[in-house]
Structure formats: structure tokens, C-alpha cells
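Participant: Sending over start_0.cif (mmCIF, C-alpha atoms and all ligand atoms).
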data_input
loop_
_atom_site.label_atom_id
_atom_site.label_comp_id
_atom_site.auth_asym_id
_atom_site.auth_seq_id
_atom_site.Cartn_x
_atom_site.Cartn_y
_atom_site.Cartn_z
CA MET A 1 -22.04 17.13 -13.18
CA LYS A 2 -19.50 17.71 -10.42
CA GLN A 3 -17.13 14.81 -9.92
CA VAL A 4 -13.99 14.17 -7.90
CA VAL A 5 -11.17 12.12 -9.40
CA VAL A 6 -8.69 10.59 -6.94
CA LYS A 7 -5.39 8.90 -7.67
CA ALA A 8 -5.51 6.05 -5.16
CA TYR A 9 -1.85 5.13 -4.75
CA ALA A 10 -0.48 1.72 -3.72
CA LYS A 11 2.00 1.29 -0.86
CA ILE A 12 5.00 -0.86 -0.12
CA ASN A 13 6.68 -1.66 3.19
CA LEU A 14 10.37 -0.81 3.31
CA ILE A 15 10.48 -2.29 6.81
CA LEU A 16 7.92 -4.64 8.34
CA ASP A 17 8.55 -5.93 11.85
CA VAL A 18 6.16 -7.92 14.01
CA LEU A 19 6.67 -7.47 17.76
CA GLY A 20 4.09 -9.90 19.10
CA LYS A 21 0.53 -11.16 19.12
CA ARG A 22 -2.16 -9.02 20.74
CA GLU A 23 -5.17 -10.06 22.77
CA ASP A 24 -7.56 -8.82 20.07
CA GLY A 25 -6.11 -11.34 17.59
CA TYR A 26 -4.08 -8.75 15.66
CA HIS A 27 -0.31 -8.49 15.71
CA GLU A 28 1.68 -5.57 17.05
CA VAL A 29 3.68 -4.24 14.09
CA GLU A 30 6.34 -1.64 13.38
CA MET A 31 6.55 -0.70 9.72
CA VAL A 32 7.99 1.91 7.41
CA MET A 33 5.32 2.47 4.78
CA GLN A 34 5.90 4.21 1.46
CA THR A 35 3.43 5.43 -1.18
CA ILE A 36 4.32 4.46 -4.75
CA SER A 37 3.15 5.75 -8.13
CA LEU A 38 1.18 2.62 -9.14
CA HIS A 39 -2.44 3.70 -8.60
CA ASP A 40 -6.12 3.11 -9.21
CA GLU A 41 -8.30 5.96 -10.42
CA VAL A 42 -11.38 6.45 -8.23
CA ILE A 43 -14.14 8.73 -9.56
CA LEU A 44 -16.93 9.92 -7.27
CA LYS A 45 -20.25 11.52 -8.21
CA SER A 46 -23.33 12.34 -6.17
CA ALA A 47 -26.05 9.68 -6.66
CA PRO A 48 -29.22 8.47 -4.88
CA GLY A 49 -27.54 5.41 -3.26
CA ILE A 50 -24.12 3.76 -3.09
CA MET A 51 -23.14 2.23 -6.40
CA ILE A 52 -19.78 0.83 -7.53
CA THR A 53 -18.64 0.04 -11.05
CA THR A 54 -15.18 -1.25 -11.93
CA ASN A 55 -13.14 -2.41 -14.90
CA HIS A 56 -11.80 -5.40 -12.90
CA PRO A 57 -13.96 -8.56 -12.98
CA GLN A 58 -12.73 -9.84 -9.57
CA VAL A 59 -13.32 -6.64 -7.62
CA PRO A 60 -16.60 -6.88 -5.67
CA THR A 61 -19.09 -4.06 -6.12
CA ASP A 62 -20.95 -4.66 -2.85
CA LYS A 63 -20.21 -4.48 0.90
CA ARG A 64 -17.14 -6.69 0.52
CA ASN A 65 -15.41 -3.71 -1.14
CA LEU A 66 -13.73 -1.28 1.31
CA ALA A 67 -14.79 1.58 -0.99
CA TYR A 68 -18.42 0.62 -0.38
CA GLN A 69 -17.85 0.34 3.39
CA ALA A 70 -16.16 3.76 3.39
CA ALA A 71 -19.17 5.36 1.68
CA GLN A 72 -21.49 3.71 4.21
CA LEU A 73 -19.42 5.00 7.14
CA ILE A 74 -19.58 8.54 5.78
CA GLN A 75 -23.32 8.30 5.13
CA THR A 76 -23.90 7.14 8.71
CA ARG A 77 -21.92 10.09 9.98
CA TYR A 78 -23.54 12.62 7.60
CA PRO A 79 -27.11 11.31 7.11
CA THR A 80 -28.21 14.32 5.04
CA ILE A 81 -25.85 13.73 2.12
CA PRO A 82 -27.12 11.73 -0.86
CA GLY A 83 -25.31 8.54 -1.88
CA VAL A 84 -22.36 8.27 -4.19
CA GLU A 85 -21.49 6.62 -7.45
CA ILE A 86 -17.97 5.17 -7.29
CA ILE A 87 -16.07 4.22 -10.44
CA ILE A 88 -12.88 2.24 -9.78
CA ASN A 89 -10.41 1.97 -12.62
CA LYS A 90 -8.27 -0.73 -11.11
CA GLN A 91 -4.56 -0.85 -11.97
CA ILE A 92 -3.15 -2.15 -8.66
CA PRO A 93 -3.24 -5.96 -8.57
CA ILE A 94 -5.59 -7.44 -5.96
CA GLU A 95 -4.54 -9.53 -2.91
CA ALA A 96 -1.03 -8.37 -3.70
CA GLY A 97 0.30 -6.84 -0.46
CA LEU A 98 0.10 -3.35 -2.00
CA ALA A 99 -3.00 -2.07 -0.11
CA GLY A 100 -5.03 -1.98 -3.33
CA GLY A 101 -8.36 -2.40 -1.51
CA SER A 102 -7.36 -0.12 1.37
CA THR A 103 -6.34 2.72 -0.93
CA ASP A 104 -9.73 2.65 -2.69
CA GLY A 105 -11.41 2.91 0.74
CA ALA A 106 -9.15 5.84 1.62
CA ALA A 107 -9.90 7.50 -1.75
CA VAL A 108 -13.64 7.35 -1.03
CA ILE A 109 -13.14 9.07 2.35
CA LEU A 110 -10.90 11.77 0.81
CA GLY A 111 -13.14 12.15 -2.24
CA MET A 112 -16.49 12.32 -0.41
CA ASN A 113 -15.00 14.88 1.97
CA LYS A 114 -14.25 17.04 -1.08
CA LEU A 115 -17.38 16.27 -3.13
CA PHE A 116 -19.81 17.12 -0.32
CA SER A 117 -17.63 19.82 1.32
CA LEU A 118 -17.72 17.95 4.64
CA ASP A 119 -14.66 19.78 6.03
CA MET A 120 -13.40 16.72 7.91
CA THR A 121 -9.95 17.24 9.39
CA LYS A 122 -7.14 14.82 8.61
CA ASP A 123 -7.50 13.33 12.11
CA GLU A 124 -11.23 12.75 11.62
CA MET A 125 -10.56 10.99 8.32
CA LEU A 126 -7.81 8.87 9.90
CA THR A 127 -10.20 7.77 12.66
CA LEU A 128 -12.82 6.72 10.11
CA ALA A 129 -10.15 4.98 8.05
CA ALA A 130 -8.97 2.89 11.03
CA GLN A 131 -12.47 1.40 11.26
CA LEU A 132 -12.10 0.00 7.75
CA GLY A 133 -8.73 -1.76 8.05
CA SER A 134 -5.19 -1.53 9.38
CA ASP A 135 -3.66 -0.06 6.19
CA VAL A 136 -6.40 2.45 5.34
CA PRO A 137 -5.12 5.30 7.59
CA PHE A 138 -1.72 5.22 5.91
CA CYS A 139 -3.40 5.42 2.52
CA ILE A 140 -5.06 8.67 3.68
CA LEU A 141 -1.77 10.08 4.97
CA GLY A 142 1.20 9.05 2.77
CA PRO A 143 3.88 9.42 1.48
CA THR A 144 6.25 7.98 4.16
CA ALA A 145 5.31 7.01 7.72
CA VAL A 146 6.07 4.67 10.56
CA ALA A 147 3.01 2.57 11.39
CA ARG A 148 2.62 0.94 14.79
CA GLY A 149 -0.15 -0.80 16.73
CA ARG A 150 -1.98 -2.98 14.22
CA GLY A 151 -0.79 -0.57 11.53
CA GLU A 152 -3.17 2.30 12.21
CA LEU A 153 -1.00 4.42 14.56
CA LEU A 154 1.00 6.66 12.27
CA GLU A 155 4.02 8.85 12.74
CA GLU A 156 4.98 11.09 9.83
CA ILE A 157 8.66 10.85 9.06
CA THR A 158 11.00 12.45 6.52
CA PRO A 159 9.71 11.43 3.07
CA CYS A 160 11.76 8.91 1.17
CA PRO A 161 13.94 10.37 -1.61
CA LEU A 162 13.07 9.43 -5.19
CA LEU A 163 13.64 5.72 -5.77
CA TRP A 164 12.53 3.38 -8.55
CA LEU A 165 10.85 0.01 -8.24
CA VAL A 166 10.14 -3.01 -10.36
CA LEU A 167 7.27 -5.04 -8.91
CA VAL A 168 6.39 -8.62 -9.77
CA LYS A 169 2.97 -9.97 -8.81
CA PRO A 170 2.65 -13.78 -9.01
CA GLU A 171 -0.47 -15.26 -10.59
CA PHE A 172 -2.10 -15.94 -7.21
CA GLY A 173 -3.21 -13.83 -4.26
CA VAL A 174 -2.41 -14.14 -0.56
CA LYS A 175 -4.83 -13.90 2.35
CA THR A 176 -3.26 -11.73 5.06
CA PRO A 177 -4.85 -13.54 8.07
CA GLN A 178 -3.32 -16.85 6.91
CA VAL A 179 0.17 -15.31 6.72
CA TYR A 180 -0.08 -13.85 10.23
CA LYS A 181 -1.48 -17.13 11.57
CA ASN A 182 1.41 -19.12 10.12
CA LEU A 183 4.03 -16.72 11.53
CA ASN A 184 6.36 -18.28 14.10
CA LEU A 185 7.89 -15.35 15.94
CA ALA A 186 10.15 -17.56 18.02
CA GLU A 187 12.01 -18.53 14.84
CA ILE A 188 12.76 -14.95 13.87
CA THR A 189 16.07 -13.62 15.14
CA ASP A 190 16.83 -10.88 12.64
CA HIS A 191 14.75 -7.78 13.44
CA PRO A 192 15.19 -4.45 11.64
CA ASP A 193 16.71 -1.38 13.32
CA LEU A 194 13.87 1.11 12.88
CA MET A 195 15.65 4.14 14.36
CA LYS A 196 18.65 3.67 12.07
CA TYR A 197 16.32 3.43 9.10
CA ILE A 198 14.48 6.64 10.05
CA ARG A 199 17.86 8.42 10.39
CA ALA A 200 18.84 7.19 6.93
CA LEU A 201 15.61 8.67 5.54
CA GLU A 202 16.39 11.96 7.32
CA ARG A 203 19.79 12.23 5.63
CA LYS A 204 18.37 10.92 2.32
CA ASP A 205 20.89 8.09 2.34
CA LYS A 206 19.62 6.13 -0.67
CA GLU A 207 22.27 3.46 -0.28
CA TYR A 208 21.29 2.64 3.30
CA ILE A 209 17.55 2.83 2.45
CA CYS A 210 17.96 0.34 -0.42
CA ASN A 211 20.41 -1.98 1.35
CA ASN A 212 18.44 -2.43 4.58
CA LEU A 213 15.00 -3.58 3.48
CA LEU A 214 13.48 -6.19 5.82
CA ASN A 215 10.09 -7.87 6.07
CA ILE A 216 9.51 -10.33 8.92
CA LEU A 217 6.46 -11.78 7.16
CA GLU A 218 8.57 -13.14 4.29
CA GLN A 219 9.39 -16.29 6.23
CA SER A 220 5.72 -17.16 6.77
CA THR A 221 4.62 -16.34 3.21
CA PHE A 222 7.60 -18.21 1.71
CA GLN A 223 6.62 -21.28 3.71
CA LEU A 224 3.00 -21.11 2.52
CA TYR A 225 3.83 -20.07 -1.06
CA PRO A 226 7.38 -21.25 -2.01
CA GLN A 227 6.92 -19.65 -5.43
CA VAL A 228 7.27 -16.19 -3.84
CA LYS A 229 10.68 -17.16 -2.48
CA GLU A 230 11.64 -18.41 -5.94
CA ILE A 231 10.63 -15.13 -7.56
CA LYS A 232 12.74 -13.21 -5.06
CA ALA A 233 15.73 -15.49 -5.75
CA GLN A 234 15.26 -15.11 -9.48
CA MET A 235 15.20 -11.31 -9.21
CA TYR A 236 18.57 -11.49 -7.45
CA ASN A 237 19.84 -13.86 -10.16
CA LEU A 238 18.79 -11.36 -12.80
CA GLY A 239 20.98 -8.73 -11.17
CA ALA A 240 18.76 -6.81 -8.72
CA LYS A 241 20.63 -5.92 -5.52
CA ASN A 242 17.75 -5.16 -3.19
CA VAL A 243 14.57 -7.22 -3.32
CA LEU A 244 11.75 -7.52 -0.78
CA MET A 245 8.25 -8.88 -0.48
CA SER A 246 5.66 -6.15 0.22
CA GLY A 247 3.25 -6.54 3.18
CA SER A 248 2.03 -10.11 3.52
CA GLY A 249 2.82 -10.64 -0.17
CA PRO A 250 2.87 -12.09 -2.69
CA THR A 251 4.21 -9.05 -4.62
CA VAL A 252 7.99 -8.80 -4.63
CA PHE A 253 9.80 -5.58 -5.56
CA ALA A 254 13.33 -4.64 -6.51
CA LEU A 255 14.43 -1.17 -5.41
CA PHE A 256 16.79 1.07 -7.40
CA SER A 257 18.20 4.55 -6.87
CA ASN A 258 18.96 4.79 -10.58
CA ARG A 259 16.10 5.18 -13.07
CA GLN A 260 17.94 3.66 -16.03
CA GLU A 261 18.84 0.55 -14.06
CA ALA A 262 15.20 0.14 -13.01
CA GLU A 263 13.98 0.56 -16.59
CA ASP A 264 16.49 -1.98 -17.91
CA PHE A 265 15.52 -4.44 -15.17
CA PHE A 266 11.82 -3.86 -15.92
CA ARG A 267 12.31 -4.77 -19.59
CA GLN A 268 14.22 -7.90 -18.60
CA VAL A 269 11.65 -9.11 -16.05
CA LYS A 270 8.66 -8.27 -18.26
CA GLY A 271 9.72 -11.05 -20.61
CA ILE A 272 9.50 -13.59 -17.78
CA TYR A 273 6.43 -12.68 -15.70
CA ARG A 274 3.01 -11.44 -16.79
CA GLN A 275 2.27 -8.92 -14.04
CA VAL A 276 5.28 -6.61 -13.84
CA TYR A 277 5.12 -2.91 -12.94
CA LEU A 278 7.61 -0.04 -13.03
CA ALA A 279 6.95 2.57 -10.36
CA GLN A 280 8.60 5.33 -8.35
CA THR A 281 8.26 6.59 -4.81
CA ILE A 282 5.72 9.39 -4.31
CA ASP A 283 6.56 12.66 -2.53
CA GLU A 284 4.45 15.11 -0.50
CA GLU A 285 3.65 17.28 -3.52
CA LYS A 286 2.15 14.36 -5.43
CA ILE A 287 0.11 13.43 -2.33
CA ARG A 288 -1.28 16.99 -2.19
CA GLU A 289 -2.14 16.88 -5.89
CA ARG A 290 -3.79 13.45 -5.95
CA MET A 291 -7.34 14.82 -6.06
CA LYS A 292 -9.01 16.90 -8.76
CA ILE A 293 -12.55 18.31 -9.11
CA ASN A 294 -14.30 18.44 -12.46
CA GLU A 295 -17.35 20.73 -12.44
O1 LIG B 301 -7.02 -4.83 9.44
P1 LIG B 301 -7.16 -5.75 8.27
O2 LIG B 301 -8.60 -6.09 8.00
O3 LIG B 301 -6.47 -5.25 7.06
O4 LIG B 301 -6.41 -7.08 8.67
C1 LIG B 301 -6.67 -8.29 8.03
C2 LIG B 301 -6.23 -9.44 8.91
O5 LIG B 301 -4.80 -9.51 8.96
C3 LIG B 301 -6.66 -9.40 10.37
O6 LIG B 301 -7.92 -9.94 10.53
C4 LIG B 301 -5.58 -10.23 11.06
O7 LIG B 301 -5.83 -11.60 10.91
C5 LIG B 301 -4.34 -9.91 10.25
N1 LIG B 301 -3.56 -8.80 10.84
C6 LIG B 301 -2.83 -9.03 12.01
N2 LIG B 301 -2.10 -8.00 12.55
C7 LIG B 301 -2.06 -6.79 11.94
C8 LIG B 301 -2.78 -6.54 10.76
C9 LIG B 301 -3.52 -7.58 10.22
O8 LIG B 301 -2.86 -10.12 12.57
N3 LIG B 301 -1.32 -5.82 12.48
#
Can I see the file as C-alpha cells?

Facilitator:
Amino acid sequence: MKQVVVKAYAKINLILDVLGKREDGYHEVEMVMQTISLHDEVILKSAPGIMITTNHPQVPTDKRNLAYQAAQLIQTRYPTIPGVEIIINKQIPIEAGLAGGSTDGAAVILGMNKLFSLDMTKDEMLTLAAQLGSDVPFCILGPTAVARGRGELLEEITPCPLLWLVLVKPEFGVKTPQVYKNLNLAEITDHPDLMKYIRALERKDKEYICNNLLNILEQSTFQLYPQVKEIKAQMYNLGAKNVLMSGSGPTVFALFSNRQEAEDFFRQVKGIYRQVYLAQTIDEEKIRERMKINE
């Protein structure tokens, strides 16, 4: 039976700035988003209704799952197609700040488009994705983009050169709304220089890219979950030079331009924390090749 297999990649934020609070309750953001190699595998097959199975006991298999909501959105738009069976082999930690739920939603949009030959354009898929959540459009697009608005307005920029990451996920999750609610913008004086960062990406200046990571949400998350701050400090103590929290957290990553250094650091950190991942940045070619059809 025909099936589509999608590599649903995680993301990190190299830059995350918050410009203010909006009237709709969201925050106006300016972010540099980057796709990384850590991924779930999402398998889609034609079926009479929408059905989700997963290897992860905490991932919901009903409407709470963005993958389910994505399939519903597509069914509403294309009422003649049958339903879909969705198998999620989860590798990305949940409530981690890595868009693990969003990327599964994006994979269902990409995968159903292929499975049922819907011929949706990228823009049509991005519009559907924005209805699911702020990070879902980026998960459709990848590999490197500036996200504005509430995160859904994307500008493609020069893809990030190959960098290596060691990610540490603490043993608890973080609820994004709580982090935004606790954010005190008046206290934040150090904002990133987005244009300078984009220029550094254009000239593939790995040193600048690694040395100028900044996430405005760290302050809020650190206040709510001091353990995240401690993990970041410990990663510096262990010798990492560039460490940042991703999204609203709690995952913290160290960034390296040198593969060997990243691998050595990974081995070191793996002895201390349980959920540690080694990953690399993803390029345009890997984004193009993320989907495969098995007849
Ligand atoms: O869009 P999404 O469902 O991923 O957002 C989750 C929550 O995070 C929102 O309900 C909001 O509380 C907060 N958020 C925000 N500003 C953003 C993105 C998310 O306040 N730009």
C-alpha cells in the first residue's frame, strides 16, 4: 500500500527577540529559526478516518495532537479524500522548545499533499500551517528563516552553514503561554541585532553566528525554572563557548563549528544528563529530500 514517510525535523532559535505584546494576546517576535537534524519519522497511509499511533506514551493520539488537527484541516478543505493513518515515531522530546508538535503537524500537511496528489502550493500549505500554531509554517519551510509577527510571517534568508549542536533536555517540560506571560519586557535591555546576524549568515561567518546567539525568553524561563539556568551555566563550565535556550525552553543547546569538539562535548554531557542529543544544522538539500514515497 502506498505510504509517505516524512522526516519531521526539529528547530532551534539562533535569535529570539520579543518586540511587544499584541492586542490578540500574542507577542510580536523577531526570530532566526534553524532546522536541525533531530527528527521524528511521520508515516502516512490512506485510511477510512483519522487515526494516530505513536511510540511515545505521552503523545496524545486525538485532537490535542497538531498532526490530528492538520489532517482535519486538510479533510475540511478536500472533502472527497479518505482519512489518513498517521504513525509518529517520536524522537524529538516533547514540551522542549524544539517545535516537536509543530513539526509533526507540518509533516502531515506536506505528507497528505503528496499522498493524495493535492498539488497545494507552498503558500497554500503555509496558510494552513499558520492556523495550527505559530511555529508550524517554519516547519513547512526550513532550513533557515526570519520569523516575524507571532512567528508565522517568514522571510527566507541565506541558509546557515554546517554547525554542530549538543542539546540537553531537562526532565520537565515548559508551557509556552506561561513563559510569555511571565516575561517582563521593561527589564530587557539587551536586544539582538537582527540585520547584523543576517549579514553574518550571508557571508557564512561561523564565528559571528556562534558568538551572537540571543534569546529574550531566557530571562522569563530561568525565573520560572531555575534549573534551566543551572544547566546553561554547567554547559559553560564544561567548556562549551556558546550556549542558548531554544524557544521558550527548557532545552538548552551548545553550538560548535567543529564536529570533533561537538562529539567530545556530547560524550562528556551524556554522562551527566539523561536526555542529550547530538545534531547538526540542516541545509536546503536535506529539506528537499525529507519526504519519500513507498508504493
Ligand atoms: O501559536 P501557539 O499555539 O504555538 O502559541 C502558544 C502560546 O504561546 C500562545 O497561546 C501564546 O500564549 C504564546 N505565544 C505568544 N506570542 C507568540 C507565540 C506564542 O504569546 N508569538

Participant: What's around Glu218 (chain A) at 8 Å? Count only C-alpha atoms, leave out sequence neighbours fewer than 6 positions away in its own chain, and write the answer as an MDAnalysis selection string.

Facilitator: chainID A and resid 245 248:249

Participant: Export C-alpha atoms of the chosen residues as a tab-separated table (two decimals), in the frame of the given file?

Facilitator:
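Now in out_25.tsv:
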chain	number	residue	atom	x	y	z
A	245	MET	CA	8.25	-8.88	-0.48
A	248	SER	CA	2.03	-10.11	3.52
A	249	GLY	CA	2.82	-10.64	-0.17

Participant: Nearest to Pro93 (chain A): which of A:Val32, A:Ala67, A:Leu153, A:Val174 is it, counting all atoms listed in the file?

Facilitator: A:Val174

Participant: How would you report the residues lying within 10 Å of ligand LIG 301 (chain B), as a count of residues only, if you count only C-alpha atoms and all ligand atoms?

Facilitator: 41

Participant: Name all residues at most 9 Å from region 1-14 of chain A (count only C-alpha atoms; drop same-chain ones fewer than 2 positions away) and give them as JSON, numbers by chain.

Facilitator: {"A": [16, 31, 32, 33, 34, 35, 36, 37, 38, 39, 40, 41, 42, 43, 44, 45, 46, 92, 97, 98, 99, 100, 102, 103, 104, 105, 106, 107, 108, 110, 111, 112, 114, 115, 138, 139, 142, 143, 209, 210, 212, 213, 214, 215, 244, 245, 246, 247, 253, 282, 287, 289, 290, 291, 292, 293, 294, 295]}

Participant: What would the file look like if the residues just selected were written as a compact mmCIF listing (two decimals), keeping the file's coordinate frame with C-alpha atoms?

Facilitator:
# COMPACT_ATOMS: atom_id res chain seq x y z
CA LEU A 16 7.92 -4.64 8.34
CA MET A 31 6.55 -0.70 9.72
CA VAL A 32 7.99 1.91 7.41
CA MET A 33 5.32 2.47 4.78
CA GLN A 34 5.90 4.21 1.46
CA THR A 35 3.43 5.43 -1.18
CA ILE A 36 4.32 4.46 -4.75
CA SER A 37 3.15 5.75 -8.13
CA LEU A 38 1.18 2.62 -9.14
CA HIS A 39 -2.44 3.70 -8.60
CA ASP A 40 -6.12 3.11 -9.21
CA GLU A 41 -8.30 5.96 -10.42
CA VAL A 42 -11.38 6.45 -8.23
CA ILE A 43 -14.14 8.73 -9.56
CA LEU A 44 -16.93 9.92 -7.27
CA LYS A 45 -20.25 11.52 -8.21
CA SER A 46 -23.33 12.34 -6.17
CA ILE A 92 -3.15 -2.15 -8.66
CA GLY A 97 0.30 -6.84 -0.46
CA LEU A 98 0.10 -3.35 -2.00
CA ALA A 99 -3.00 -2.07 -0.11
CA GLY A 100 -5.03 -1.98 -3.33
CA SER A 102 -7.36 -0.12 1.37
CA THR A 103 -6.34 2.72 -0.93
CA ASP A 104 -9.73 2.65 -2.69
CA GLY A 105 -11.41 2.91 0.74
CA ALA A 106 -9.15 5.84 1.62
CA ALA A 107 -9.90 7.50 -1.75
CA VAL A 108 -13.64 7.35 -1.03
CA LEU A 110 -10.90 11.77 0.81
CA GLY A 111 -13.14 12.15 -2.24
CA MET A 112 -16.49 12.32 -0.41
CA LYS A 114 -14.25 17.04 -1.08
CA LEU A 115 -17.38 16.27 -3.13
CA PHE A 138 -1.72 5.22 5.91
CA CYS A 139 -3.40 5.42 2.52
CA GLY A 142 1.20 9.05 2.77
CA PRO A 143 3.88 9.42 1.48
CA ILE A 209 17.55 2.83 2.45
CA CYS A 210 17.96 0.34 -0.42
CA ASN A 212 18.44 -2.43 4.58
CA LEU A 213 15.00 -3.58 3.48
CA LEU A 214 13.48 -6.19 5.82
CA ASN A 215 10.09 -7.87 6.07
CA LEU A 244 11.75 -7.52 -0.78
CA MET A 245 8.25 -8.88 -0.48
CA SER A 246 5.66 -6.15 0.22
CA GLY A 247 3.25 -6.54 3.18
CA PHE A 253 9.80 -5.58 -5.56
CA ILE A 282 5.72 9.39 -4.31
CA ILE A 287 0.11 13.43 -2.33
CA GLU A 289 -2.14 16.88 -5.89
CA ARG A 290 -3.79 13.45 -5.95
CA MET A 291 -7.34 14.82 -6.06
CA LYS A 292 -9.01 16.90 -8.76
CA ILE A 293 -12.55 18.31 -9.11
CA ASN A 294 -14.30 18.44 -12.46
CA GLU A 295 -17.35 20.73 -12.44

Participant: Report, in Å with one decimal, the straight-line distance from CA of Pro192 (chain A) to CA of Thr144 (chain A).

Facilitator: 17.0 Å

Participant: Residues around (-10.5, -12.8, -8.1), cut-off 12 Å, counting only C-alpha atoms - what are they as a list in words?

Facilitator: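 Result, sorted by chain then residue number: His56, Pro57, Gln58, Val59, Pro60, Pro93, Ile94, Glu95, Ala96, Glu171, Phe172, Gly173, Val174 and Lys175 of chain A.
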
Participant: Give the answer as one residue: which of A:Ala129, A:Ala254, A:Ile52, A:Leu201 has the shortest atom-to-atom distance to Phe266 (chain A), using all atoms listed in the file?

Facilitator: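 The shortest atom-to-atom distance to Phe266 (chain A) comes from A:Ala254.
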
Participant: Distance CA of Pro170 (chain A)-CA of Gln234 (chain A), one decimal place?

Facilitator: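 So the answer is 12.7 Å.
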
Participant: So the first atom is CA of Val84 (chain A) and the second is CA of Phe116 (chain A); what is the distance between them in Å, to one decimal place?

Facilitator: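 For CA of Val84 (chain A) relative to CA of Phe116 (chain A), the distance reads 10.0 Å.
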
Participant: List as a ChimeraX atom specification the protein and nucleic acid residues near region 267-272 of chain A, meaning an atom at most 9 Å away when all atoms listed in the file are counted, but skip any in the same chain fewer than 6 places from it.

Facilitator: /A:166,168,235,238

Participant: Point out the residue among A:Leu167, A:Asp193, A:Gln223, A:Gln91 with the least atom-to-atom distance to Tyr273 (chain A), counting all atoms listed in the file.

Facilitator: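 Closest to Tyr273 (chain A), using all atoms listed in the file: A:Leu167.
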
Participant: What lies within 8 Å of region 258-264 of chain A using only C-alpha atoms, ignoring chain neighbours under 5 positions off, as number ranges by chain?

Facilitator: A: 163-166, 278

Participant: Got a sec: who's within 10 Å of Ile50 (chain A), counting all atoms listed in the file, leaving out chain neighbours fewer than 2 positions off, as a PDB file with C-alpha atoms, in the coordinates of the input?

Facilitator:
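Now in around_21.pdb:
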ATOM      1  CA  SER A  46     -23.330  12.340  -6.170  1.00  0.00           C
ATOM      2  CA  ALA A  47     -26.050   9.680  -6.660  1.00  0.00           C
ATOM      3  CA  PRO A  48     -29.220   8.470  -4.880  1.00  0.00           C
ATOM      4  CA  ILE A  52     -19.780   0.830  -7.530  1.00  0.00           C
ATOM      5  CA  THR A  61     -19.090  -4.060  -6.120  1.00  0.00           C
ATOM      6  CA  ASP A  62     -20.950  -4.660  -2.850  1.00  0.00           C
ATOM      7  CA  LYS A  63     -20.210  -4.480   0.900  1.00  0.00           C
ATOM      8  CA  ALA A  67     -14.790   1.580  -0.990  1.00  0.00           C
ATOM      9  CA  TYR A  68     -18.420   0.620  -0.380  1.00  0.00           C
ATOM     10  CA  GLN A  69     -17.850   0.340   3.390  1.00  0.00           C
ATOM     11  CA  ALA A  71     -19.170   5.360   1.680  1.00  0.00           C
ATOM     12  CA  GLN A  72     -21.490   3.710   4.210  1.00  0.00           C
ATOM     13  CA  GLN A  75     -23.320   8.300   5.130  1.00  0.00           C
ATOM     14  CA  PRO A  82     -27.120  11.730  -0.860  1.00  0.00           C
ATOM     15  CA  GLY A  83     -25.310   8.540  -1.880  1.00  0.00           C
ATOM     16  CA  VAL A  84     -22.360   8.270  -4.190  1.00  0.00           C
ATOM     17  CA  GLU A  85     -21.490   6.620  -7.450  1.00  0.00           C
ATOM     18  CA  ILE A  86     -17.970   5.170  -7.290  1.00  0.00           C
TER      19      ILE A  86
END

Participant: Counting only C-alpha atoms, which residue out of A:Glu202, A:Thr251, A:Met120, A:Tyr78 sits closest to Pro159 (chain A)?

Facilitator: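 Smallest distance to Pro159 (chain A) is found for A:Glu202.
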
Participant: With distances taken over all atoms listed in the file, which of A:Pro226, A:Gly49, A:Pro161, A:Gly239 is nearest to Gln280 (chain A)?

Facilitator: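 Using all atoms listed in the file, Gln280 (chain A) sits closest to A:Pro161.
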